[in-house]
Every structure is written in C-alpha cells, then in structure tokens.
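As stored in query_36.txt (compact mmCIF, C-alpha atoms):
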```txt
# COMPACT_ATOMS: atom_id res chain seq x y z
CA MET A 1 -29.94 -17.86 -1.03
CA HIS A 2 -28.28 -20.70 -2.92
CA SER A 3 -26.17 -23.22 -1.11
CA PRO A 4 -22.40 -23.02 -1.68
CA GLN A 5 -22.38 -26.80 -2.04
CA PRO A 6 -22.05 -28.33 -5.54
CA ASN A 7 -25.37 -28.97 -7.16
CA PRO A 8 -25.32 -32.37 -8.92
CA ASP A 9 -28.46 -31.42 -10.82
CA ALA A 10 -26.93 -28.23 -12.24
CA ARG A 11 -27.35 -27.95 -16.00
CA ALA A 12 -24.20 -27.71 -18.09
CA ASP A 13 -25.09 -24.16 -19.12
CA ASP A 14 -25.69 -23.02 -15.54
CA TRP A 15 -22.16 -21.75 -15.10
CA PRO A 16 -23.23 -18.63 -13.13
CA SER A 17 -24.50 -20.86 -10.29
CA GLU A 18 -21.24 -22.78 -10.33
CA LEU A 19 -19.22 -19.55 -10.22
CA TYR A 20 -21.34 -18.39 -7.29
CA ARG A 21 -20.65 -21.65 -5.46
CA ILE A 22 -16.90 -21.36 -6.09
CA LEU A 23 -16.71 -17.74 -5.00
CA LYS A 24 -18.71 -18.47 -1.86
CA ALA A 25 -16.39 -21.39 -1.09
CA ALA A 26 -13.47 -18.96 -1.53
CA ASP A 27 -15.07 -16.75 1.17
CA VAL A 28 -15.80 -13.79 -1.11
CA ARG A 29 -17.62 -11.21 1.03
CA GLN A 30 -17.94 -8.24 -1.34
CA MET A 31 -19.02 -8.10 -4.98
CA SER A 32 -18.98 -5.02 -7.19
CA TYR A 33 -20.41 -4.81 -10.67
CA VAL A 34 -21.31 -2.75 -13.64
CA PRO A 35 -24.54 -4.24 -15.00
CA ASP A 36 -24.06 -6.75 -17.77
CA ALA A 37 -26.46 -9.26 -19.30
CA GLY A 38 -23.88 -12.07 -19.22
CA HIS A 39 -23.42 -11.59 -15.47
CA SER A 40 -27.09 -10.99 -14.66
CA GLN A 41 -27.66 -14.34 -12.96
CA LEU A 42 -24.49 -14.08 -10.87
CA ILE A 43 -25.47 -10.52 -9.91
CA ARG A 44 -28.90 -11.80 -8.80
CA LEU A 45 -27.40 -14.62 -6.74
CA PHE A 46 -24.97 -12.30 -4.92
CA SER A 47 -27.56 -9.58 -4.43
CA ALA A 48 -29.86 -12.07 -2.68
CA ASP A 49 -27.04 -13.19 -0.37
CA ARG A 50 -27.05 -11.38 2.98
CA ASP A 51 -23.51 -12.51 3.71
CA VAL A 52 -22.13 -10.63 0.71
CA THR A 53 -22.08 -6.84 0.35
CA THR A 54 -22.78 -5.83 -3.24
CA ASN A 55 -22.00 -2.47 -4.81
CA VAL A 56 -23.37 -1.21 -8.10
CA LEU A 57 -20.75 1.05 -9.72
CA THR A 58 -21.00 4.06 -11.99
CA THR A 59 -17.75 3.03 -13.72
CA GLU A 60 -15.61 -0.07 -13.49
CA GLU A 61 -12.47 1.40 -11.92
CA GLU A 62 -14.43 2.13 -8.76
CA GLY A 63 -14.50 -1.62 -8.16
CA ILE A 64 -10.69 -1.86 -8.26
CA ALA A 65 -10.47 0.65 -5.39
CA ILE A 66 -13.28 -1.01 -3.43
CA ALA A 67 -11.53 -4.39 -3.75
CA ALA A 68 -8.32 -2.89 -2.34
CA GLY A 69 -10.23 -1.35 0.56
CA ALA A 70 -12.00 -4.64 1.25
CA TRP A 71 -8.66 -6.43 1.42
CA LEU A 72 -7.23 -3.77 3.76
CA GLY A 73 -10.18 -4.52 6.01
CA GLY A 74 -9.76 -8.29 5.78
CA GLN A 75 -12.39 -9.23 3.18
CA ARG A 76 -12.21 -10.77 -0.27
CA SER A 77 -13.94 -9.02 -3.15
CA VAL A 78 -14.82 -9.94 -6.72
CA LEU A 79 -15.51 -7.53 -9.58
CA LEU A 80 -17.84 -8.21 -12.53
CA MET A 81 -17.79 -6.24 -15.78
CA GLN A 82 -17.83 -6.32 -19.59
CA SER A 83 -14.73 -6.05 -21.73
CA SER A 84 -15.73 -2.50 -22.72
CA GLY A 85 -15.25 -1.53 -19.07
CA VAL A 86 -11.68 -2.80 -18.92
CA GLY A 87 -10.57 0.34 -20.71
CA ASN A 88 -11.89 2.43 -17.82
CA CYS A 89 -9.76 0.55 -15.29
CA ILE A 90 -6.20 0.88 -16.47
CA ASN A 91 -4.88 3.70 -14.25
CA MET A 92 -6.69 2.39 -11.16
CA LEU A 93 -5.13 -1.03 -11.75
CA SER A 94 -1.76 0.52 -10.79
CA LEU A 95 -3.09 0.34 -7.23
CA SER A 96 -3.54 -3.44 -7.37
CA ALA A 97 -0.24 -3.92 -9.18
CA ILE A 98 1.98 -1.70 -7.00
CA GLY A 99 0.33 -2.83 -3.75
CA ARG A 100 0.08 -6.50 -4.74
CA PHE A 101 -3.56 -6.40 -3.73
CA PRO A 102 -5.42 -9.63 -4.51
CA LEU A 103 -7.75 -8.91 -7.41
CA LEU A 104 -10.24 -11.10 -9.26
CA MET A 105 -12.16 -9.61 -12.18
CA LEU A 106 -14.64 -11.64 -14.21
CA VAL A 107 -14.97 -10.03 -17.63
CA THR A 108 -17.59 -11.02 -20.19
CA MET A 109 -16.29 -10.41 -23.71
CA ARG A 110 -18.08 -8.24 -26.26
CA GLY A 111 -17.14 -7.57 -29.85
CA GLU A 112 -15.48 -10.88 -30.72
CA TRP A 113 -18.23 -13.41 -31.58
CA ALA A 114 -21.65 -12.86 -33.17
CA GLU A 115 -21.46 -9.19 -32.18
CA PHE A 116 -24.06 -6.91 -33.74
CA ASN A 117 -22.47 -3.62 -32.63
CA PRO A 118 -19.22 -2.63 -34.38
CA TRP A 119 -18.42 -0.08 -31.66
CA GLN A 120 -17.67 -3.00 -29.31
CA VAL A 121 -15.00 -4.44 -31.57
CA PRO A 122 -11.98 -2.14 -30.90
CA MET A 123 -12.15 -2.62 -27.12
CA SER A 124 -12.51 -6.38 -27.57
CA ARG A 125 -9.13 -6.31 -29.31
CA ALA A 126 -7.59 -4.08 -26.63
CA THR A 127 -8.90 -5.95 -23.59
CA GLN A 128 -6.23 -8.61 -23.11
CA PRO A 129 -3.18 -6.56 -24.21
CA SER A 130 -4.24 -3.59 -22.02
CA LEU A 131 -4.69 -5.78 -18.95
CA GLU A 132 -1.35 -7.48 -19.55
CA ALA A 133 0.38 -4.15 -20.14
CA ILE A 134 -0.63 -2.89 -16.68
CA GLY A 135 0.53 -6.14 -15.08
CA LEU A 136 -2.50 -8.40 -14.75
CA LYS A 137 -2.53 -12.11 -15.41
CA VAL A 138 -5.21 -12.89 -17.99
CA MET A 139 -7.00 -16.24 -18.12
CA ARG A 140 -9.61 -17.13 -20.75
CA ALA A 141 -12.42 -19.64 -20.96
CA GLU A 142 -14.57 -20.64 -23.93
CA THR A 143 -16.69 -23.41 -22.41
CA ALA A 144 -18.75 -23.57 -19.23
CA GLU A 145 -16.68 -26.42 -17.85
CA ASP A 146 -13.40 -24.66 -18.54
CA LEU A 147 -14.73 -21.42 -17.04
CA VAL A 148 -15.70 -23.04 -13.75
CA GLU A 149 -12.27 -24.65 -13.42
CA THR A 150 -10.50 -21.45 -14.46
CA VAL A 151 -12.33 -19.28 -11.92
CA GLU A 152 -11.62 -21.80 -9.17
CA SER A 153 -7.91 -21.66 -10.00
CA ALA A 154 -7.98 -17.86 -10.39
CA ALA A 155 -9.62 -17.41 -6.98
CA THR A 156 -6.84 -19.39 -5.29
CA LEU A 157 -4.15 -17.50 -7.19
CA ALA A 158 -5.71 -14.14 -6.39
CA TYR A 159 -6.63 -14.50 -2.73
CA ASP A 160 -3.95 -16.94 -1.57
CA SER A 161 -1.06 -15.79 -3.76
CA ASP A 162 -1.76 -12.03 -3.97
CA GLN A 163 -2.15 -12.07 -7.75
CA GLN A 164 -4.11 -9.65 -9.93
CA ILE A 165 -6.21 -11.68 -12.34
CA ALA A 166 -8.81 -11.06 -15.02
CA VAL A 167 -10.79 -14.06 -16.26
CA LEU A 168 -12.13 -13.33 -19.73
CA ILE A 169 -15.38 -15.12 -20.51
CA GLY A 170 -15.55 -15.71 -24.26
CA GLN A 171 -18.55 -14.20 -26.03
CA ARG A 172 -19.26 -17.56 -27.66
CA LEU A 173 -20.05 -18.87 -24.18
CA ILE A 174 -22.54 -16.08 -23.44
CA GLY A 175 -24.46 -16.71 -26.64
CA LYS A 176 -25.79 -14.34 -29.23
CA LYS A 177 -27.55 -11.31 -27.79
CA LYS A 178 -31.23 -11.34 -28.68
CA TRP A 179 -32.97 -7.99 -29.33
CA MET B 1 -18.31 31.48 -7.47
CA SER B 2 -16.79 29.97 -4.37
CA VAL B 3 -15.26 32.18 -1.71
CA SER B 4 -11.56 31.70 -1.04
CA SER B 5 -10.43 30.65 2.42
CA LYS B 6 -7.73 31.80 4.79
CA LEU B 7 -7.47 28.46 6.57
CA ASP B 8 -4.07 26.70 6.55
CA ARG B 9 -4.49 23.10 5.34
CA ARG B 10 -1.99 21.54 7.74
CA ALA B 11 -3.59 23.27 10.73
CA ALA B 12 -7.01 22.12 9.50
CA VAL B 13 -6.00 18.46 9.08
CA ALA B 14 -4.16 18.48 12.43
CA ALA B 15 -7.30 19.84 14.11
CA LEU B 16 -9.52 17.33 12.34
CA LEU B 17 -7.41 14.34 13.42
CA THR B 18 -6.20 15.55 16.81
CA ASP B 19 -8.33 13.02 18.70
CA ARG B 20 -9.08 10.47 15.97
CA LYS B 21 -8.80 7.49 18.36
CA ASP B 22 -9.05 4.27 16.30
CA THR B 23 -10.39 5.88 13.11
CA LEU B 24 -8.88 4.26 10.01
CA VAL B 25 -7.69 6.90 7.53
CA VAL B 26 -7.12 6.60 3.79
CA SER B 27 -5.52 9.63 2.12
CA GLY B 28 -5.71 10.59 -1.54
CA LEU B 29 -2.66 11.26 -3.64
CA GLY B 30 -0.82 14.56 -3.45
CA SER B 31 -1.28 17.01 -0.64
CA PRO B 32 -3.83 15.05 1.47
CA THR B 33 -1.26 12.23 1.78
CA TYR B 34 1.41 14.77 2.84
CA ASP B 35 -1.07 16.44 5.23
CA LEU B 36 -1.96 13.10 6.84
CA HIS B 37 1.70 12.09 7.21
CA ALA B 38 2.49 15.50 8.74
CA THR B 39 0.06 14.72 11.59
CA GLY B 40 2.20 11.65 12.43
CA ASP B 41 2.92 8.36 10.72
CA ARG B 42 0.61 5.60 11.98
CA ASP B 43 -0.07 1.96 11.19
CA ASP B 44 -3.74 2.77 10.59
CA ASN B 45 -2.94 5.28 7.84
CA PHE B 46 -3.17 4.10 4.24
CA TYR B 47 -1.48 6.62 1.96
CA LEU B 48 -2.12 6.81 -1.77
CA TRP B 49 0.55 8.06 -4.15
CA GLY B 50 -1.58 7.34 -7.21
CA ALA B 51 -4.93 5.65 -7.99
CA MET B 52 -6.47 9.08 -8.55
CA GLY B 53 -10.16 9.10 -7.68
CA GLY B 54 -9.86 6.00 -5.52
CA ALA B 55 -9.45 7.23 -1.93
CA ALA B 56 -13.15 7.45 -1.05
CA LEU B 57 -13.87 4.08 -2.70
CA ILE B 58 -11.01 2.35 -0.89
CA GLY B 59 -12.69 3.87 2.15
CA LEU B 60 -15.98 2.25 1.08
CA GLY B 61 -14.50 -1.25 0.70
CA LEU B 62 -12.72 -0.83 4.03
CA ALA B 63 -15.82 0.50 5.80
CA GLN B 64 -17.86 -2.45 4.51
CA ALA B 65 -15.21 -4.91 5.70
CA GLN B 66 -14.86 -3.20 9.10
CA PRO B 67 -18.38 -2.07 10.03
CA GLY B 68 -17.39 -1.68 13.69
CA LYS B 69 -14.72 0.92 12.95
CA ARG B 70 -14.98 4.48 11.71
CA VAL B 71 -13.28 5.10 8.36
CA LEU B 72 -12.22 8.50 7.09
CA ALA B 73 -11.19 9.17 3.50
CA LEU B 74 -9.11 12.35 3.38
CA THR B 75 -8.94 13.66 -0.14
CA GLY B 76 -8.52 16.76 -2.27
CA ASP B 77 -10.97 18.55 -4.51
CA GLY B 78 -9.11 17.45 -7.67
CA GLU B 79 -9.09 13.80 -6.62
CA GLN B 80 -12.74 13.74 -5.56
CA LEU B 81 -13.78 15.45 -8.78
CA MET B 82 -12.10 12.59 -10.67
CA GLY B 83 -13.97 10.14 -8.44
CA PHE B 84 -17.24 12.01 -9.00
CA GLY B 85 -19.31 8.88 -9.73
CA GLY B 86 -17.96 7.30 -6.57
CA ILE B 87 -20.09 9.73 -4.57
CA ALA B 88 -23.18 8.13 -6.15
CA THR B 89 -21.83 4.61 -5.52
CA ILE B 90 -21.16 5.45 -1.85
CA GLY B 91 -24.55 7.13 -1.55
CA VAL B 92 -26.25 3.94 -2.75
CA ALA B 93 -24.05 1.68 -0.58
CA ARG B 94 -24.95 3.81 2.43
CA PRO B 95 -22.17 2.81 4.86
CA ARG B 96 -22.80 4.22 8.34
CA ASN B 97 -19.11 4.37 9.23
CA LEU B 98 -17.57 6.25 6.30
CA ASP B 99 -16.77 9.96 6.17
CA ILE B 100 -15.24 11.71 3.19
CA VAL B 101 -13.37 14.89 4.05
CA VAL B 102 -12.34 16.99 1.06
CA ILE B 103 -9.45 19.37 1.70
CA ASP B 104 -10.56 21.89 -0.89
CA ASN B 105 -8.09 24.54 -2.04
CA GLN B 106 -10.21 25.06 -5.16
CA HIS B 107 -7.17 24.48 -7.34
CA PHE B 108 -5.22 21.68 -8.99
CA GLY B 109 -2.33 22.30 -6.61
CA GLU B 110 -0.03 19.52 -7.80
CA THR B 111 -0.13 20.49 -11.43
CA GLY B 112 0.20 24.23 -11.73
CA MET B 113 -2.52 25.72 -9.48
CA GLN B 114 -5.16 26.07 -12.15
CA ALA B 115 -8.62 26.79 -10.70
CA SER B 116 -10.52 23.51 -10.21
CA HIS B 117 -14.24 22.92 -10.70
CA THR B 118 -14.88 23.68 -7.02
CA GLY B 119 -13.09 26.99 -7.57
CA ARG B 120 -15.53 27.65 -10.40
CA GLY B 121 -18.67 27.01 -8.38
CA VAL B 122 -19.21 23.22 -8.24
CA ASP B 123 -20.36 22.29 -4.73
CA LEU B 124 -19.38 18.75 -3.71
CA THR B 125 -21.60 18.89 -0.59
CA ALA B 126 -24.67 19.52 -2.78
CA ILE B 127 -23.69 16.57 -4.98
CA ALA B 128 -23.30 14.35 -1.91
CA ALA B 129 -26.65 15.51 -0.51
CA ALA B 130 -28.31 14.73 -3.84
CA CYS B 131 -26.70 11.25 -3.71
CA GLY B 132 -28.33 10.54 -0.36
CA PHE B 133 -25.48 11.23 2.07
CA ALA B 134 -26.67 11.43 5.67
CA ALA B 135 -24.87 14.70 6.41
CA THR B 136 -22.71 17.25 4.64
CA GLY B 137 -21.07 20.50 5.60
CA THR B 138 -18.53 23.14 4.61
CA MET B 139 -15.93 24.45 7.06
CA ARG B 140 -13.97 27.66 6.54
CA THR B 141 -12.41 28.36 9.96
CA LEU B 142 -10.34 26.42 12.45
CA GLU B 143 -13.16 26.68 14.97
CA GLU B 144 -15.56 25.01 12.53
CA VAL B 145 -13.06 22.22 11.88
CA GLN B 146 -12.60 21.74 15.64
CA ARG B 147 -16.38 21.43 16.06
CA LEU B 148 -16.46 18.88 13.23
CA ALA B 149 -13.63 16.90 14.85
CA ALA B 150 -15.58 16.74 18.10
CA GLN B 151 -18.71 15.45 16.31
CA ILE B 152 -17.22 13.14 13.73
CA ALA B 153 -16.88 10.08 15.98
CA ALA B 154 -20.62 10.12 16.73
CA PRO B 155 -22.76 7.43 15.01
CA ALA B 156 -24.20 8.41 11.64
CA ASP B 157 -27.21 7.26 9.62
CA GLY B 158 -25.13 6.94 6.48
CA PRO B 159 -22.06 8.29 4.72
CA ARG B 160 -21.09 11.91 5.32
CA LEU B 161 -19.09 14.33 3.21
CA PHE B 162 -17.45 17.45 4.59
CA VAL B 163 -15.56 20.07 2.62
CA ILE B 164 -12.85 22.06 4.38
CA LYS B 165 -12.02 25.16 2.38
CA VAL B 166 -8.30 25.96 2.70
CA LEU B 167 -5.74 28.41 1.35
CA ALA B 168 -4.34 27.53 -2.07
CA GLU B 169 -0.72 26.88 -1.17
CA ASN B 170 1.72 23.98 -1.16
CA PRO B 171 3.31 23.62 2.28
CA PRO B 172 6.64 21.69 2.50
CA ARG B 173 6.02 18.04 1.63
CA SER B 174 5.86 15.49 4.41
CA LEU B 175 6.60 12.21 2.69
CA PRO B 176 5.45 8.78 3.90
CA SER B 177 6.80 5.52 2.51
CA ARG B 178 6.05 4.97 -1.16
CA ASP B 179 6.19 1.20 -0.67
CA ALA B 180 2.54 0.25 -1.10
CA VAL B 181 3.09 -3.37 -0.04
CA PHE B 182 4.68 -2.23 3.22
CA ILE B 183 1.89 0.26 3.91
CA LYS B 184 -0.73 -2.38 3.07
CA ASN B 185 0.79 -5.10 5.26
CA ARG B 186 1.34 -2.67 8.15
CA PHE B 187 -2.29 -1.55 7.94
CA ARG B 188 -3.61 -5.12 7.84
CA ALA B 189 -1.37 -6.18 10.72
CA HIS B 190 -2.85 -3.31 12.74
CA LEU B 191 -6.27 -4.91 12.19
CA GLY B 192 -4.94 -8.33 13.17
CA PHE B 193 -4.40 -9.86 9.72
CA ALA B 194 -1.14 -11.68 9.07
CA ALA B 195 0.97 -10.45 6.17
CA ALA B 196 0.44 -12.75 3.22
```

Structure encoded using structure tokens:
Amino acid sequence: MHSPQPNPDARADDWPSELYRILKAADVRQMSYVPDAGHSQLIRLFSADRDVTTNVLTTEEEGIAIAAGAWLGGQRSVLLMQSSGVGNCINMLSLSAIGRFPLLMLVTMRGEWAEFNPWQVPMSRATQPSLEAIGLKVMRAETAEDLVETVESAATLAYDSDQQIAVLIGQRLIGKKKW
Amino acid sequence: MSVSSKLDRRAAVAALLTDRKDTLVVSGLGSPTYDLHATGDRDDNFYLWGAMGGAALIGLGLAQAQPGKRVLALTGDGEQLMGFGGIATIGVARPRNLDIVVIDNQHFGETGMQASHTGRGVDLTAIAAACGFAATGTMRTLEEVQRLAAQIAAPADGPRLFVIKVLAENPPRSLPSRDAVFIKNRFRAHLGFAAA
C-alpha cells in the first residue's frame, strides 16, 4: 500500500499516484470503476489498499448508485471511467442531482486527441454537454500538474460542499494508445 | 413460463418487514416504494422515486459502508431487470449484509401492465445463483414469506436474493416524501451523521 503522504521523488508523469494520495487524504473509502487503461495504475493502487472497498462494475451508472449508498452509510466514494461511459450514466445522475449526493467522477477522455477509433469521437463531443445538461459541474485538466490540483479542489467541493463533479482528464495527458 | 401468484403485495411486504429491527431498507421506484411506505414511514427507509435500476446498488454502497448493519433492497422485477448487471457486480463484491428482495408481479405495473421478462420465464434467482449469491429463493405464499422474515436477520456468507411472487395489481398508492435531500439527511442522521 502506498503512503498517502506526498512523495517528493514522484515523477512529473506519475499523476495517478498523486491522485491516489489526494483521494486518500480526502478519506475516500470506496472506489468503483469500469476498466480503463488510463486509470489502470490508480485502479491497482486502490485495489491493493485494504482500507478502501473497490467494486468492478458492469456499466458505469452502477457506480453512481453505489456512491449514493456509500454516502448514506457515511463513506466517501470515487468513480473512475472513460468518456464513452458517461453516456450510460445520464438517468442515474438524476439521483445525485435531486438528492444533492456528493459525487466525484474521474473521466479519462477518448476520441479527442490522437484517437485511432472513430467510433469514440461522437461520445467525446457529447461528454461535457451531457454532464452539464443533467446538472453536473465539469472540470477539465490537460497537464499532470493541473489535474492534481483540479482533483484536490474537486474532492473538497464534492465531499464538503455536496457538489456533483466530473473531472475530465484530457486524452493528450494519457498519451497515444499503443497497439 | 412462470406461474402467477395469488399473494397480495402489501401483505407480503408487511410480513417481510414486520420484525425488521434495525435493518436499513432502500426501496426501488414505483410500487416497492409505496409498499415500503405503507408499512410505516421510518428514518431508516430510503425511498427512490427514480434512478431506475439503482436500488440494489445503493444497497451495496450502503452495506459496504455499514458492515455491522443488515441492508435490504426492496425492488420490483422491472427495476431489477434494468439493473441486471448489478447482480453480477454485487455477486463479485460479496457483501455479507445485503439482501435483495424482488417483489415480482411479472409485469411492468407502472406503465401499462405488460408482461415483464420474469413473466416470460426469466428467473432472477437463477441469475443471482450463477453470479455467486450465497442464497436465493422464491416465495409464493404468506407462510413462505413469514418463514423468510424469520430467517433473514441471520448471518449470511454473502449477498442473497429472494423473489416474492405477487398478484399483478396496483393497490392504492402510499406516498412518502419526494424530497430526496430530506430523505437522505433523515437517513444519515439516523446513523449518526450530521446533515451537511
């Protein structure tokens, strides 16, 4: 298990470890995810952490409901997915919006930068407007440094101010997918 | 094809919850929410008026956060069919304190009483068993529901899913608050968490 303390030796591109540290410091106790290469390191870090319950989902909207249940029971939850999964979440997000349930989603973008698969492009265009249409606050980051700061701010807004937030992680930051 | 039932849904839910003690209950939208409210409004009830497919998964998040308490997700066949994949997610998560009870009238009762998948032969208990649930069962009489109610507080090795087959009818609605923030804060206060 990694320490939640800042790691002065962390490499600039090791943003997943920094996100893990921030989310641990925010007392996140549950993490749900749909597998995604961009999140693979963060998924590994949480899965190895006995203090965090992780759930692998069959579809992204399950994680919205789990996060609401976690909050009802007094725990903070974070949800990891790709932008293609945002489209699956829209109706379930009414729960977070109408109940003002704290919600933090970290969304890696597909279809917007060095994308090899054209089928990813339409949902990349729809991701931010769909989330905003159902009432979420959308924050975006394009660099590792900006992402770490953005997630720290988003965690406070979500868990301390009952906001529903999606942080979009630009595809440029993930890097070109190698096949 | 599934066999229709003569069991009244309100009588079944009342029998199921008659001695629920400190069980936390989440109800799915539509009739299960009305059925739960008809047994008496309580601080430890969380009623859904939407979020179709979410009741059992809210139950999962809650059960994981409150491992010392028993959690019951009361849902309908239509809602659980929409949350089909959630049965696999719960099976993998393997909470020992979560029960899903499907009040199954084999119809989409809110939207015109068309026969649902369970009314056309899909067996949710077989799905749950295949997903690794610790126990499953189907109840068709009040006596069977009463036996389930007596057993349900006992410790379990994992999640359980029970189907209660009921008559396809819409009894008079029993309407809880639709204010989700109020219901949420009341529920959390019951568990000792201050309203944010």

Proximity to B:Leu62 - best of A:Glu61, A:Ser77, A:Ala26, A:Gly38, only C-alpha atoms: A:Ser77

In the coordinate frame of the file, compute which residues have an atom within 9 Å of (-10.3, -18.2, 3.2) when using all atoms listed in the file, and state them as a short mmCIF file (atom, residue, chain, number, x, y, z; two decimals) with C-alpha atoms, in the coordinates of the input.
```
data_model
loop_
_atom_site.label_atom_id
_atom_site.label_comp_id
_atom_site.auth_asym_id
_atom_site.auth_seq_id
_atom_site.Cartn_x
_atom_site.Cartn_y
_atom_site.Cartn_z
CA ALA A 25 -16.39 -21.39 -1.09
CA ALA A 26 -13.47 -18.96 -1.53
CA ASP A 27 -15.07 -16.75 1.17
CA VAL A 28 -15.80 -13.79 -1.11
CA ARG A 76 -12.21 -10.77 -0.27
CA TYR A 159 -6.63 -14.50 -2.73
CA ASP A 160 -3.95 -16.94 -1.57
#
```

Residue nearest A:Met31 among B:Gly119, B:Gly61, B:Gly40, B:Pro32 (counting only C-alpha atoms): B:Gly61

Would you write out, as JSON lines, a table of all residues in chain B that have an atom no more than 7 Å from an atom of chain A, listing for each the closest atom pair and the distance in Å to one decimal, considering all atoms listed in the file and ordering rows by chain and rising residue number?
```
{"residue": "B:Ala51", "atom": "CA", "partner": "A:Met92", "partner_atom": "CA", "distance": 4.9}
{"residue": "B:Gly54", "atom": "CA", "partner": "A:Ala65", "partner_atom": "CA", "distance": 5.4}
{"residue": "B:Leu57", "atom": "CA", "partner": "A:Ile66", "partner_atom": "CA", "distance": 5.2}
{"residue": "B:Ile58", "atom": "CA", "partner": "A:Gly69", "partner_atom": "CA", "distance": 4.0}
{"residue": "B:Gly59", "atom": "CA", "partner": "A:Gly69", "partner_atom": "CA", "distance": 6.0}
{"residue": "B:Leu60", "atom": "CA", "partner": "A:Ile66", "partner_atom": "CA", "distance": 6.2}
{"residue": "B:Gly61", "atom": "CA", "partner": "A:Ala70", "partner_atom": "CA", "distance": 4.2}
{"residue": "B:Leu62", "atom": "CA", "partner": "A:Gly69", "partner_atom": "CA", "distance": 4.3}
{"residue": "B:Ala65", "atom": "CA", "partner": "A:Gly73", "partner_atom": "CA", "distance": 5.1}
{"residue": "B:Gln66", "atom": "CA", "partner": "A:Gly73", "partner_atom": "CA", "distance": 5.8}
{"residue": "B:Gly85", "atom": "CA", "partner": "A:Thr58", "partner_atom": "CA", "distance": 5.6}
{"residue": "B:Gly86", "atom": "CA", "partner": "A:Glu62", "partner_atom": "CA", "distance": 6.6}
{"residue": "B:Thr89", "atom": "CA", "partner": "A:Leu57", "partner_atom": "CA", "distance": 5.6}
{"residue": "B:Ala93", "atom": "CA", "partner": "A:Asn55", "partner_atom": "CA", "distance": 6.3}
{"residue": "B:Ala180", "atom": "CA", "partner": "A:Gly99", "partner_atom": "CA", "distance": 4.6}
{"residue": "B:Val181", "atom": "CA", "partner": "A:Gly99", "partner_atom": "CA", "distance": 4.7}
{"residue": "B:Lys184", "atom": "CA", "partner": "A:Leu72", "partner_atom": "CA", "distance": 6.7}
{"residue": "B:Phe187", "atom": "CA", "partner": "A:Leu72", "partner_atom": "CA", "distance": 6.8}
{"residue": "B:Arg188", "atom": "CA", "partner": "A:Leu72", "partner_atom": "CA", "distance": 5.6}
{"residue": "B:Phe193", "atom": "CA", "partner": "A:Gly74", "partner_atom": "CA", "distance": 6.8}
```

Shell around B:Ser174 at 8 Å using all atoms listed in the file, local window under 6 positions removed, as an MDAnalysis selection string: chainID B and resid 34:35 37:38

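Using only C-alpha atoms, the contacts of stretch 96-100 of chain B at a cut-off of 9 Å, with sequence neighbours closer than 5 positions omitted, comprise Ala55, Ala56, Gly59, Leu60, Leu62, Ala63, Gln64, Gln66, Pro67, Gly68, Lys69, Arg70, Val71, Leu72, Ala73, Leu74, Thr75, Ile90, Ala134, Ile152, Pro155, Ala156, Asp157, Gly158, Pro159, Arg160, Leu161, Phe162 and Val163 of chain B.
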
Quick one: everything within 10 Å of A:Ala114, counting all atoms listed in the file, minus sequence neighbours fewer than 2 positions away in the same chain. Send it as a PDB file with C-alpha atoms, keeping the file's coordinate frame.
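As written to disk, part.pdb reads:
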```pdb
ATOM      1  CA  ARG A 110     -18.080  -8.240 -26.260  1.00  0.00           C
ATOM      2  CA  GLY A 111     -17.140  -7.570 -29.850  1.00  0.00           C
ATOM      3  CA  GLU A 112     -15.480 -10.880 -30.720  1.00  0.00           C
ATOM      4  CA  PHE A 116     -24.060  -6.910 -33.740  1.00  0.00           C
ATOM      5  CA  ASN A 117     -22.470  -3.620 -32.630  1.00  0.00           C
ATOM      6  CA  GLN A 171     -18.550 -14.200 -26.030  1.00  0.00           C
ATOM      7  CA  ARG A 172     -19.260 -17.560 -27.660  1.00  0.00           C
ATOM      8  CA  GLY A 175     -24.460 -16.710 -26.640  1.00  0.00           C
ATOM      9  CA  LYS A 176     -25.790 -14.340 -29.230  1.00  0.00           C
ATOM     10  CA  LYS A 177     -27.550 -11.310 -27.790  1.00  0.00           C
TER      11      LYS A 177
END
```

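The nearest approach to B:Arg94 among the residues B:Lys165, B:Asp41, B:Ile127, B:Phe133, with only C-alpha atoms taken into account, belongs to B:Phe133.
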
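Note that the spacing between atom CA of A:Val151 and atom CA of A:Ala126 amounts to 21.7 Å.
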
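With distances restricted to all atoms listed in the file, A:Leu104 is the closest residue to A:Ser153 from A:Asp13, A:Leu104, A:Gln41, A:Ser130.
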
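Residue nearest B:Arg42, chosen from B:Asp22, B:Asp8, B:Glu110, B:Glu169 and counting all atoms listed in the file: B:Asp22.
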
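The space between atom CA of B:Ala135 and atom CA of B:Phe46 spans 24.2 Å.
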
Spatial neighbours of stretch 143-146 of chain A, 10 Å, all atoms listed in the file, chain gap at least 5 places, as a ChimeraX atom specification: /A:12-16,18-19,151-152,169-170,172-174

Pairwise distance for atom CA of B:Ser27 and atom CA of B:Arg178, rounded to one decimal in Å: 12.9 Å

Long-range neighbours of A:Glu60 as a VMD selection string, 10 Å cut-off, only C-alpha atoms, 6 positions minimum in chain: chain A and resid 32 to 35 79 to 82 84 to 90 92

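Of the listed residues (A:Val121, A:Ala48, A:Leu157, A:Val167), A:Val167 comes nearest to A:Glu142; the distances count all atoms listed in the file.
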
To test the calculation: enclose all listed atoms of stretch 4-19 of chain B in a box whose edges run along x, y and z, add 4 Å on each side, then state centre and edge lengths in Å to one decimal, as AutoDock Vina command-line options.
```
--center_x -6.8 --center_y 22.4 --center_z 8.8 --size_x 17.6 --size_y 26.8 --size_z 27.7
```

Expected answer as a ChimeraX atom specification: all residues with atoms within 10 Å of (-4.8, -13.5, -26.4), only C-alpha atoms: /A:125-129,132,138-140,168
